[in-house]
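Text of upload_22.txt (compact mmCIF, C-alpha atoms) as supplied:
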# COMPACT_ATOMS: atom_id res chain seq x y z
CA MET A 1 14.14 -24.41 14.90
CA ARG A 2 16.07 -26.52 12.43
CA TYR A 3 19.06 -25.21 10.53
CA SER A 4 20.30 -26.15 7.09
CA ALA A 5 23.82 -27.49 7.01
CA GLY A 6 26.34 -24.72 6.61
CA GLN A 7 23.63 -22.04 6.49
CA ARG A 8 23.79 -20.36 9.88
CA LEU A 9 24.38 -16.74 10.57
CA TYR A 10 25.36 -15.35 13.96
CA GLN A 11 23.64 -12.04 14.31
CA CYS A 12 23.55 -9.60 17.21
CA SER A 13 20.04 -8.98 18.45
CA GLU A 14 19.42 -5.51 19.84
CA HIS A 15 16.26 -6.78 21.47
CA ASP A 16 18.10 -8.73 24.15
CA GLY A 17 21.75 -7.69 23.70
CA ARG A 18 22.92 -11.28 23.05
CA HIS A 19 24.05 -13.17 19.97
CA HIS A 20 21.74 -15.81 18.65
CA GLU A 21 21.58 -18.06 15.62
CA VAL A 22 19.12 -17.39 12.86
CA GLU A 23 18.40 -19.64 9.97
CA ARG A 24 19.30 -18.67 6.44
CA HIS A 25 16.36 -20.16 4.57
CA GLY A 26 16.73 -19.50 0.89
CA GLY A 27 20.47 -19.01 0.40
CA PRO A 28 22.33 -16.02 -1.04
CA GLN A 29 19.38 -14.57 -2.94
CA ARG A 30 17.51 -14.14 0.29
CA ALA A 31 20.60 -12.64 1.90
CA GLU A 32 20.61 -10.04 -0.86
CA ILE A 33 17.22 -8.80 0.31
CA LEU A 34 18.29 -9.00 3.94
CA ASP A 35 21.39 -6.89 3.44
CA SER A 36 19.91 -4.27 1.12
CA GLU A 37 18.56 -0.93 2.28
CA ARG A 38 15.83 -1.01 -0.35
CA VAL A 39 14.02 -4.22 -1.17
CA PRO A 40 14.18 -5.02 -4.91
CA VAL A 41 11.05 -4.57 -7.06
CA ILE A 42 8.94 -2.98 -4.31
CA ASP A 43 8.95 0.32 -6.19
CA SER A 44 7.99 -1.48 -9.39
CA LEU A 45 5.12 -3.28 -7.67
CA ARG A 46 3.87 0.01 -6.26
CA GLY A 47 4.07 1.63 -9.68
CA LEU A 48 2.12 -1.17 -11.35
CA ALA A 49 -0.48 -1.10 -8.59
CA ALA A 50 -0.98 2.66 -8.88
CA LEU A 51 -1.32 2.44 -12.67
CA ALA A 52 -3.81 -0.41 -12.31
CA VAL A 53 -5.99 1.54 -9.88
CA ALA A 54 -5.86 4.59 -12.16
CA LEU A 55 -6.96 2.51 -15.15
CA PHE A 56 -9.80 1.13 -13.06
CA HIS A 57 -11.11 4.59 -12.23
CA PHE A 58 -10.63 5.94 -15.75
CA SER A 59 -12.32 3.03 -17.53
CA VAL A 60 -15.11 1.97 -15.16
CA GLY A 61 -15.18 4.60 -12.43
CA ASN A 62 -17.56 6.87 -14.36
CA THR A 63 -20.56 4.84 -15.49
CA GLU A 64 -21.56 7.54 -18.01
CA PHE A 65 -18.20 7.44 -19.78
CA TYR A 66 -18.09 5.18 -22.81
CA ALA A 67 -15.11 2.85 -23.06
CA PRO A 68 -14.63 -0.19 -25.30
CA PRO A 69 -15.91 -3.37 -23.61
CA ILE A 70 -12.46 -4.96 -23.73
CA LEU A 71 -10.97 -1.93 -21.98
CA LYS A 72 -13.68 -2.00 -19.33
CA SER A 73 -12.98 -5.68 -18.77
CA ILE A 74 -9.25 -5.09 -18.37
CA GLY A 75 -9.71 -1.95 -16.30
CA GLY A 76 -12.08 -3.77 -13.99
CA PHE A 77 -9.14 -5.81 -12.72
CA GLY A 78 -7.31 -2.63 -11.72
CA PHE A 79 -8.99 -2.57 -8.34
CA TYR A 80 -6.73 -5.45 -7.32
CA GLY A 81 -3.93 -2.90 -7.14
CA VAL A 82 -5.27 -2.09 -3.67
CA ASP A 83 -4.49 -5.66 -2.58
CA VAL A 84 -0.92 -5.20 -3.81
CA PHE A 85 -0.52 -2.06 -1.69
CA PHE A 86 -1.82 -3.80 1.43
CA VAL A 87 0.51 -6.79 1.02
CA ILE A 88 3.47 -4.45 0.46
CA SER A 89 2.63 -2.52 3.63
CA GLY A 90 2.30 -5.77 5.56
CA PHE A 91 5.85 -6.58 4.49
CA ILE A 92 7.65 -3.25 4.41
CA LEU A 93 6.51 -1.79 7.73
CA PRO A 94 7.68 -4.64 9.99
CA TRP A 95 10.76 -4.82 7.75
CA SER A 96 11.58 -1.19 8.56
CA LEU A 97 10.97 -1.83 12.26
CA TRP A 98 13.24 -4.87 12.12
CA ARG A 99 16.03 -2.97 10.40
CA ALA A 100 15.76 -0.17 12.96
CA GLY A 101 15.97 -2.52 15.94
CA TYR A 102 12.56 -1.35 17.12
CA GLN A 103 11.63 -2.03 20.72
CA LEU A 104 8.13 -1.17 21.85
CA ASN A 105 7.85 1.59 24.41
CA ALA A 106 5.98 4.87 24.61
CA GLY A 107 8.83 6.84 23.03
CA THR A 108 9.52 4.59 20.05
CA PHE A 109 5.79 4.14 19.48
CA ARG A 110 5.26 7.90 19.23
CA ARG A 111 8.32 8.43 17.05
CA PHE A 112 7.36 5.66 14.64
CA LEU A 113 3.83 7.02 14.22
CA TRP A 114 5.13 10.58 13.82
CA LYS A 115 7.49 9.40 11.10
CA ARG A 116 4.57 7.82 9.24
CA VAL A 117 2.47 10.97 9.67
CA VAL A 118 5.26 13.14 8.29
CA ARG A 119 5.64 10.74 5.38
CA ILE A 120 2.02 10.58 4.19
CA GLU A 121 0.08 13.54 5.59
CA PRO A 122 1.49 16.49 3.59
CA SER A 123 0.53 14.99 0.22
CA TYR A 124 -2.81 13.86 1.64
CA LEU A 125 -3.64 17.34 2.94
CA ILE A 126 -2.61 19.02 -0.31
CA THR A 127 -4.80 16.56 -2.22
CA ILE A 128 -7.77 17.44 -0.01
CA LEU A 129 -7.26 21.13 -0.81
CA LEU A 130 -6.89 20.30 -4.50
CA VAL A 131 -10.12 18.28 -4.51
CA VAL A 132 -12.03 21.16 -2.92
CA LEU A 133 -10.51 23.70 -5.33
CA LEU A 134 -11.28 21.59 -8.40
CA ALA A 135 -14.82 20.95 -7.17
CA TRP A 136 -15.36 24.70 -7.07
CA LEU A 137 -13.70 25.35 -10.43
CA SER A 138 -15.76 22.61 -12.07
CA THR A 139 -18.96 24.49 -11.27
CA LEU A 140 -17.65 27.44 -13.30
CA VAL A 141 -17.23 25.41 -16.50
CA PRO A 142 -19.98 26.16 -19.06
CA GLY A 143 -22.40 23.27 -19.30
CA TYR A 144 -21.66 21.95 -15.81
CA ARG A 145 -24.47 19.56 -14.77
CA GLY A 146 -23.42 18.48 -11.29
CA GLN A 147 -24.37 19.64 -7.82
CA PRO A 148 -23.70 23.27 -6.84
CA PHE A 149 -20.50 23.80 -4.89
CA ARG A 150 -20.81 23.78 -1.11
CA LEU A 151 -17.87 24.02 1.26
CA ASP A 152 -18.48 21.54 4.08
CA LEU A 153 -15.88 22.26 6.75
CA ALA A 154 -17.18 19.45 8.94
CA GLN A 155 -16.65 16.94 6.15
CA ILE A 156 -13.10 18.18 5.67
CA GLY A 157 -12.49 18.01 9.40
CA TRP A 158 -13.52 14.37 9.56
CA HIS A 159 -11.00 13.65 6.81
CA LEU A 160 -8.17 14.95 8.97
CA GLY A 161 -8.62 12.07 11.38
CA TYR A 162 -9.72 9.52 8.75
CA LEU A 163 -13.01 9.37 10.63
CA THR A 164 -15.28 9.88 7.63
CA PRO A 165 -16.92 6.41 7.71
CA LEU A 166 -17.73 6.73 11.41
CA VAL A 167 -19.99 9.72 10.74
CA HIS A 168 -21.42 8.25 7.52
CA GLN A 169 -19.88 10.94 5.32
CA GLN A 170 -18.54 10.52 1.81
CA TRP A 171 -14.82 10.57 1.08
CA LEU A 172 -13.77 13.59 -0.98
CA ASN A 173 -11.57 11.24 -3.00
CA PRO A 174 -12.61 7.58 -3.44
CA VAL A 175 -9.08 6.32 -2.75
CA PHE A 176 -8.89 7.90 0.70
CA TRP A 177 -10.53 4.91 2.38
CA THR A 178 -7.38 2.88 1.81
CA LEU A 179 -5.30 5.52 3.61
CA ALA A 180 -7.62 5.13 6.59
CA VAL A 181 -6.89 1.40 6.56
CA GLU A 182 -3.15 2.00 6.27
CA CYS A 183 -3.13 4.40 9.23
CA GLN A 184 -4.92 1.85 11.38
CA PHE A 185 -2.29 -0.69 10.38
CA TYR A 186 0.51 1.69 11.42
CA VAL A 187 -0.84 1.69 14.96
CA LEU A 188 -1.39 -2.06 14.98
CA ILE A 189 2.04 -3.05 13.64
CA ALA A 190 3.82 -0.75 16.11
CA VAL A 191 2.10 -2.66 18.92
CA VAL A 192 2.21 -6.26 17.66
CA TYR A 193 5.67 -6.16 16.06
CA PRO A 194 7.43 -7.70 19.10
CA LEU A 195 5.03 -10.64 18.83
CA ILE A 196 5.29 -11.31 15.10
CA ALA A 197 9.10 -10.93 15.27
CA SER A 198 9.47 -13.03 18.41
CA PRO A 199 12.12 -15.78 18.35
CA ARG A 200 9.48 -18.08 19.87
CA ARG A 201 7.41 -19.87 17.28
CA GLY A 202 4.38 -20.21 19.54
CA VAL A 203 4.27 -16.46 20.14
CA ARG A 204 4.51 -15.70 16.42
CA LEU A 205 1.82 -18.17 15.43
CA GLY A 206 -0.40 -17.07 18.29
CA ALA A 207 -0.15 -13.45 17.19
CA VAL A 208 -0.94 -14.35 13.59
CA ALA A 209 -3.88 -16.49 14.70
CA VAL A 210 -5.36 -13.56 16.62
CA LEU A 211 -4.93 -11.26 13.62
CA LEU A 212 -6.62 -13.72 11.29
CA ALA A 213 -9.43 -14.31 13.77
CA ALA A 214 -9.99 -10.55 13.89
CA SER A 215 -10.29 -10.50 10.10
CA PHE A 216 -13.62 -12.32 10.42
CA TRP A 217 -15.07 -8.99 11.58
CA ARG A 218 -15.78 -6.92 8.47
CA PRO A 219 -17.95 -3.95 9.41
CA ALA A 220 -16.82 -1.77 6.46
CA ASP A 221 -14.15 -1.61 3.77
CA ALA A 222 -12.34 1.16 5.65
CA ALA A 223 -12.05 -0.97 8.80
CA LEU A 224 -8.63 -2.55 9.17
CA THR A 225 -10.09 -5.91 10.17
CA SER A 226 -11.85 -6.15 6.79
CA GLN A 227 -8.46 -6.02 5.02
CA LEU A 228 -6.27 -7.57 7.71
CA ALA A 229 -5.63 -10.87 5.93
CA GLN A 230 -3.84 -9.07 3.07
CA PHE A 231 -1.51 -7.43 5.57
CA VAL A 232 -0.87 -10.78 7.26
CA ILE A 233 0.33 -12.17 3.92
CA GLY A 234 2.88 -9.35 3.84
CA ILE A 235 3.82 -10.08 7.45
CA ALA A 236 4.50 -13.71 6.53
CA VAL A 237 6.85 -12.55 3.77
CA PHE A 238 8.63 -10.31 6.26
CA GLN A 239 9.05 -13.17 8.74
CA PHE A 240 10.55 -15.39 6.07
CA THR A 241 12.77 -12.71 4.51
CA ALA A 242 14.10 -11.58 7.90
CA ARG A 243 14.77 -15.24 8.79
CA VAL A 244 12.37 -15.04 11.69
CA SER A 245 10.37 -18.06 10.51
CA SER A 246 11.04 -21.23 8.57
CA ALA A 247 9.69 -22.02 5.12
CA LYS A 248 7.21 -24.48 6.63
CA GLU A 249 5.88 -21.92 9.11
CA THR A 250 5.69 -19.29 6.39
CA MET A 251 3.64 -21.57 4.16
CA LEU A 252 1.26 -22.27 7.04
CA VAL A 253 0.69 -18.56 7.63
CA LEU A 254 0.41 -17.77 3.92
CA LEU A 255 -2.16 -20.47 3.27
CA SER A 256 -4.19 -19.52 6.34
CA ALA A 257 -4.19 -15.84 5.39
CA ALA A 258 -4.94 -16.66 1.75
CA GLY A 259 -7.97 -18.64 2.89
CA MET A 260 -9.24 -15.63 4.81
CA VAL A 261 -8.70 -13.37 1.78
CA TYR A 262 -10.64 -15.85 -0.34
CA THR A 263 -13.60 -15.99 2.05
CA GLY A 264 -13.76 -12.21 2.40
CA LEU A 265 -12.73 -10.86 -0.98
CA GLY A 266 -12.77 -13.74 -3.44
CA ALA A 267 -10.36 -15.75 -5.55
CA GLY A 268 -9.06 -12.75 -7.50
CA SER A 269 -7.76 -10.95 -4.43
CA MET A 270 -6.29 -14.18 -3.09
CA VAL A 271 -4.33 -14.81 -6.29
CA VAL A 272 -3.09 -11.21 -6.44
CA CYS A 273 -1.99 -11.25 -2.80
CA LEU A 274 -0.12 -14.53 -3.14
CA GLY A 275 1.39 -13.36 -6.42
CA THR A 276 2.64 -10.17 -4.78
CA ALA A 277 4.16 -12.21 -1.96
CA GLY A 278 5.86 -14.47 -4.48
CA VAL A 279 7.32 -11.55 -6.41
CA ILE A 280 8.86 -10.11 -3.23
CA VAL A 281 10.27 -13.45 -2.06
CA PHE A 282 11.69 -14.55 -5.40
CA ALA A 283 12.59 -11.11 -6.75
CA PRO A 284 16.39 -11.52 -6.46
CA MET A 285 16.28 -14.78 -8.42
CA TRP A 286 14.32 -14.37 -11.64
CA VAL A 287 11.24 -12.21 -11.28
CA GLY A 288 13.12 -9.13 -10.16
CA ALA A 289 15.21 -8.95 -13.30
CA GLY A 290 12.12 -8.12 -15.34
CA LEU A 291 10.48 -5.81 -12.84
CA ALA A 292 13.41 -3.67 -11.72
CA ARG A 293 13.29 -1.41 -14.78
CA PRO A 294 13.81 2.36 -14.74
CA ALA A 295 10.32 3.10 -16.10
CA LEU A 296 8.62 0.97 -13.48
CA SER A 297 10.88 2.37 -10.79
CA PHE A 298 9.83 5.87 -11.85
CA PHE A 299 6.16 5.01 -11.50
CA GLY A 300 6.96 3.42 -8.16
CA THR A 301 8.66 6.60 -7.01
CA ILE A 302 5.58 8.70 -7.78
CA SER A 303 3.08 5.94 -6.96
CA TYR A 304 1.73 7.53 -3.78
CA SER A 305 1.25 10.90 -5.47
CA LEU A 306 -0.28 9.24 -8.54
CA TYR A 307 -2.59 7.21 -6.35
CA LEU A 308 -3.81 10.34 -4.59
CA ILE A 309 -4.18 12.61 -7.57
CA HIS A 310 -5.39 10.50 -10.49
CA VAL A 311 -9.10 10.80 -9.63
CA PRO A 312 -9.32 14.58 -9.05
CA ILE A 313 -7.10 15.30 -12.09
CA GLY A 314 -7.57 12.44 -14.54
CA GLY A 315 -11.16 11.85 -13.51
CA ARG A 316 -12.12 15.35 -14.59
CA ILE A 317 -10.56 14.81 -17.98
CA ILE A 318 -12.72 11.70 -18.31
CA ASN A 319 -15.75 13.77 -17.32
CA LEU A 320 -14.95 16.35 -20.00
CA ALA A 321 -14.53 13.57 -22.56
CA GLN A 322 -18.18 12.65 -22.11
CA ARG A 323 -18.99 15.68 -24.27
CA LEU A 324 -17.10 14.22 -27.23
CA PRO A 325 -18.67 11.89 -29.80
CA ARG A 326 -18.73 8.34 -28.45
CA SER A 327 -16.21 6.09 -30.17
CA ASN A 328 -13.48 3.66 -29.29
CA PHE A 329 -10.87 6.11 -30.53
CA THR A 330 -12.03 9.11 -28.49
CA SER A 331 -12.35 7.03 -25.32
CA LEU A 332 -8.86 5.61 -25.75
CA VAL A 333 -7.44 9.09 -26.35
CA ALA A 334 -9.32 10.42 -23.31
CA ILE A 335 -7.93 7.69 -21.06
CA LEU A 336 -4.42 8.21 -22.43
CA VAL A 337 -4.61 11.97 -21.89
CA ALA A 338 -6.06 11.47 -18.41
CA GLY A 339 -3.19 9.14 -17.59
CA LEU A 340 -0.47 11.41 -18.94
CA VAL A 341 -1.82 14.51 -17.22
CA SER A 342 -2.22 12.57 -13.97
CA VAL A 343 1.37 11.36 -14.17
CA GLY A 344 2.58 14.91 -14.78
CA ALA A 345 0.56 16.24 -11.86
CA ALA A 346 1.74 13.37 -9.67
CA TYR A 347 5.36 14.12 -10.52
CA ALA A 348 4.82 17.77 -9.57
CA LEU A 349 3.19 16.73 -6.28
CA TYR A 350 6.05 14.34 -5.63
CA ARG A 351 8.77 16.93 -6.27
CA LEU A 352 7.09 19.79 -4.42
CA VAL A 353 5.49 18.00 -1.48
CA GLU A 354 6.11 14.29 -1.18
CA ARG A 355 9.88 14.20 -1.66
CA PRO A 356 10.63 16.93 0.91
CA ALA A 357 8.33 15.16 3.38
CA GLN A 358 10.01 11.86 2.54
CA ARG A 359 13.45 13.31 3.21
CA TYR A 360 12.40 14.81 6.51
CA ALA A 361 10.74 11.55 7.56
CA GLY A 362 13.95 9.74 6.64
CA SER A 363 15.87 11.91 9.10
CA LEU A 364 13.65 10.84 11.99
CA ARG A 365 14.79 7.98 14.19
CA PHE A 366 12.69 5.55 16.17
CA GLY A 367 14.80 2.43 16.77
CA GLY A 368 18.09 1.24 18.19
CA ARG A 369 19.87 0.83 14.84
CA ASP A 370 18.44 3.94 13.16
Would you write the structure of this file as structure tokens?
Amino acid sequence: MRYSAGQRLYQCSEHDGRHHEVERHGGPQRAEILDSERVPVIDSLRGLAALAVALFHFSVGNTEFYAPPILKSIGGFGFYGVDVFFVISGFILPWSLWRAGYQLNAGTFRRFLWKRVVRIEPSYLITILLVVLLAWLSTLVPGYRGQPFRLDLAQIGWHLGYLTPLVHQQWLNPVFWTLAVECQFYVLIAVVYPLIASPRRGVRLGAVAVLLAASFWRPADAALTSQLAQFVIGIAVFQFTARVSSAKETMLVLLSAAGMVYTGLGAGSMVVCLGTAGVIVFAPMWVGAGLARPALSFFGTISYSLYLIHVPIGGRIINLAQRLPRSNFTSLVAILVAGLVSVGAAYALYRLVERPAQRYAGSLRFGGRD
């Protein structure tokens, strides 16, 4: 590995107990990310992604709901928010392992996965209960035209293990498939982290090559391999930000992963994934100044709750709006109300469920520096 003149940092590695030199590609701005507990603009990116996905479901998710063509066109791009989430996870999870001094063994593996379960499951389980409750209440509304309510305990049970696609069942909430992908990635990153964070370039590139080769297998959207290239883009950002890899190596991985995203998901997803990576890398310089705003940080804070709850809450407001006279004004008001109510419900879910779970998860330790 080559080092820039005057840009070396001696850092103690808890993986082998010795001091080694790591390159400081990118100067003081990059050091700002490295030394901070929270990476700048990640919350803002999450908030924007959650809002984009919500707009997608409100404007085009219900084919019977009238929305102005321009709004449908804009809302149609909201699905790319999912790509943003996957890239962020590809970056932030190995980043957290790196900061904790994670070393793979049976104990740390279990503790890491338990920490993730504690972090995401409570809100997920409450949302499942909410979806079932609202499905029942909807049948009591005068003029209801949907299917009669039927409690399918087997369907709920499959949700608990994110196994719904394996038994050809429908998700109770259309966003749940992405949580299944994320949970698969938790297991994968806990296993392959020592390889992608290896000081040996050949090991890192070999691991990335295997991951990208696996992304050729796309059996279903909810299969991790179908979305793996987006996560690899986030991994490349982690490697660069943590000074594990050089700029040249990072570009090689980014371009390779971007090519796989393009072949599997198209140019739109590729551009969004690379744009997300760029925002994270260059955030401390000039992009971050515009994104690290209190409003965006707020939406980032409640982004997981908003992501979970906007369809069962806001989607029903959109359904009710179908009974109103069709006009641009009424559709805009309906989407605005759906958004505001969803944000309010998401904030309540965050305060009552997600934040306590987040705090408890934060108290759990799984690595040497935790």
Range 176-187 of chain A: which residues within 9 Å, counting all atoms listed in the file, same-chain residues fewer than 2 positions away excluded, as number ranges by chain? A: 82, 86, 89-90, 93, 109, 112-113, 116-117, 120, 124, 159, 161-165, 171-174, 189-192, 221-225, 227-228, 231, 308
At a cut-off of 9 Å, using only C-alpha atoms, what residues contact Ser138 in chain A? Leave out same-chain residues fewer than 5 positions from it and give the result as a PDB file with C-alpha atoms, in the frame of the given file.
ATOM      1  CA  LEU A 133     -10.510  23.700  -5.330  1.00  0.00           C
ATOM      2  CA  TYR A 144     -21.660  21.950 -15.810  1.00  0.00           C
ATOM      3  CA  GLY A 146     -23.420  18.480 -11.290  1.00  0.00           C
ATOM      4  CA  PHE A 149     -20.500  23.800  -4.890  1.00  0.00           C
ATOM      5  CA  ARG A 316     -12.120  15.350 -14.590  1.00  0.00           C
TER       6      ARG A 316
END
So the first atom is CA of Ile280 in chain A and the second is CA of Ser198 in chain A; what is the distance between them in Å, to one decimal place?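 Atom-to-atom, CA of Ile280 in chain A and CA of Ser198 in chain A are spaced 21.8 Å apart.
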May I ask for the distance between CA of Ala258 in chain A and CA of Gly300 in chain A, given in Å to one decimal place?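 Calculated distance between CA of Ala258 in chain A and CA of Gly300 in chain A is 25.4 Å.
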Do you have the CA of Ala135 in chain A-CA of Gln170 in chain A distance handy? 14.3 Å
Which residue out of A:His57, A:Gly206, A:Asp83, A:Arg323 has the minimum interatomic distance to Val261 in chain A when all atoms listed in the file are used?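 Going through A:His57, A:Gly206, A:Asp83, A:Arg323 one by one, the smallest distance to Val261 in chain A is for A:Asp83.
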With a distance cut-off of 12 Å and only C-alpha atoms, select the neighbouring residues of Lys72 in chain A, excluding the residue or stretch itself and same-chain residues fewer than 2 positions from it, and output the selection as a VMD selection string. chain A and resid 55 to 63 65 to 70 74 to 79 328 331 to 332 335
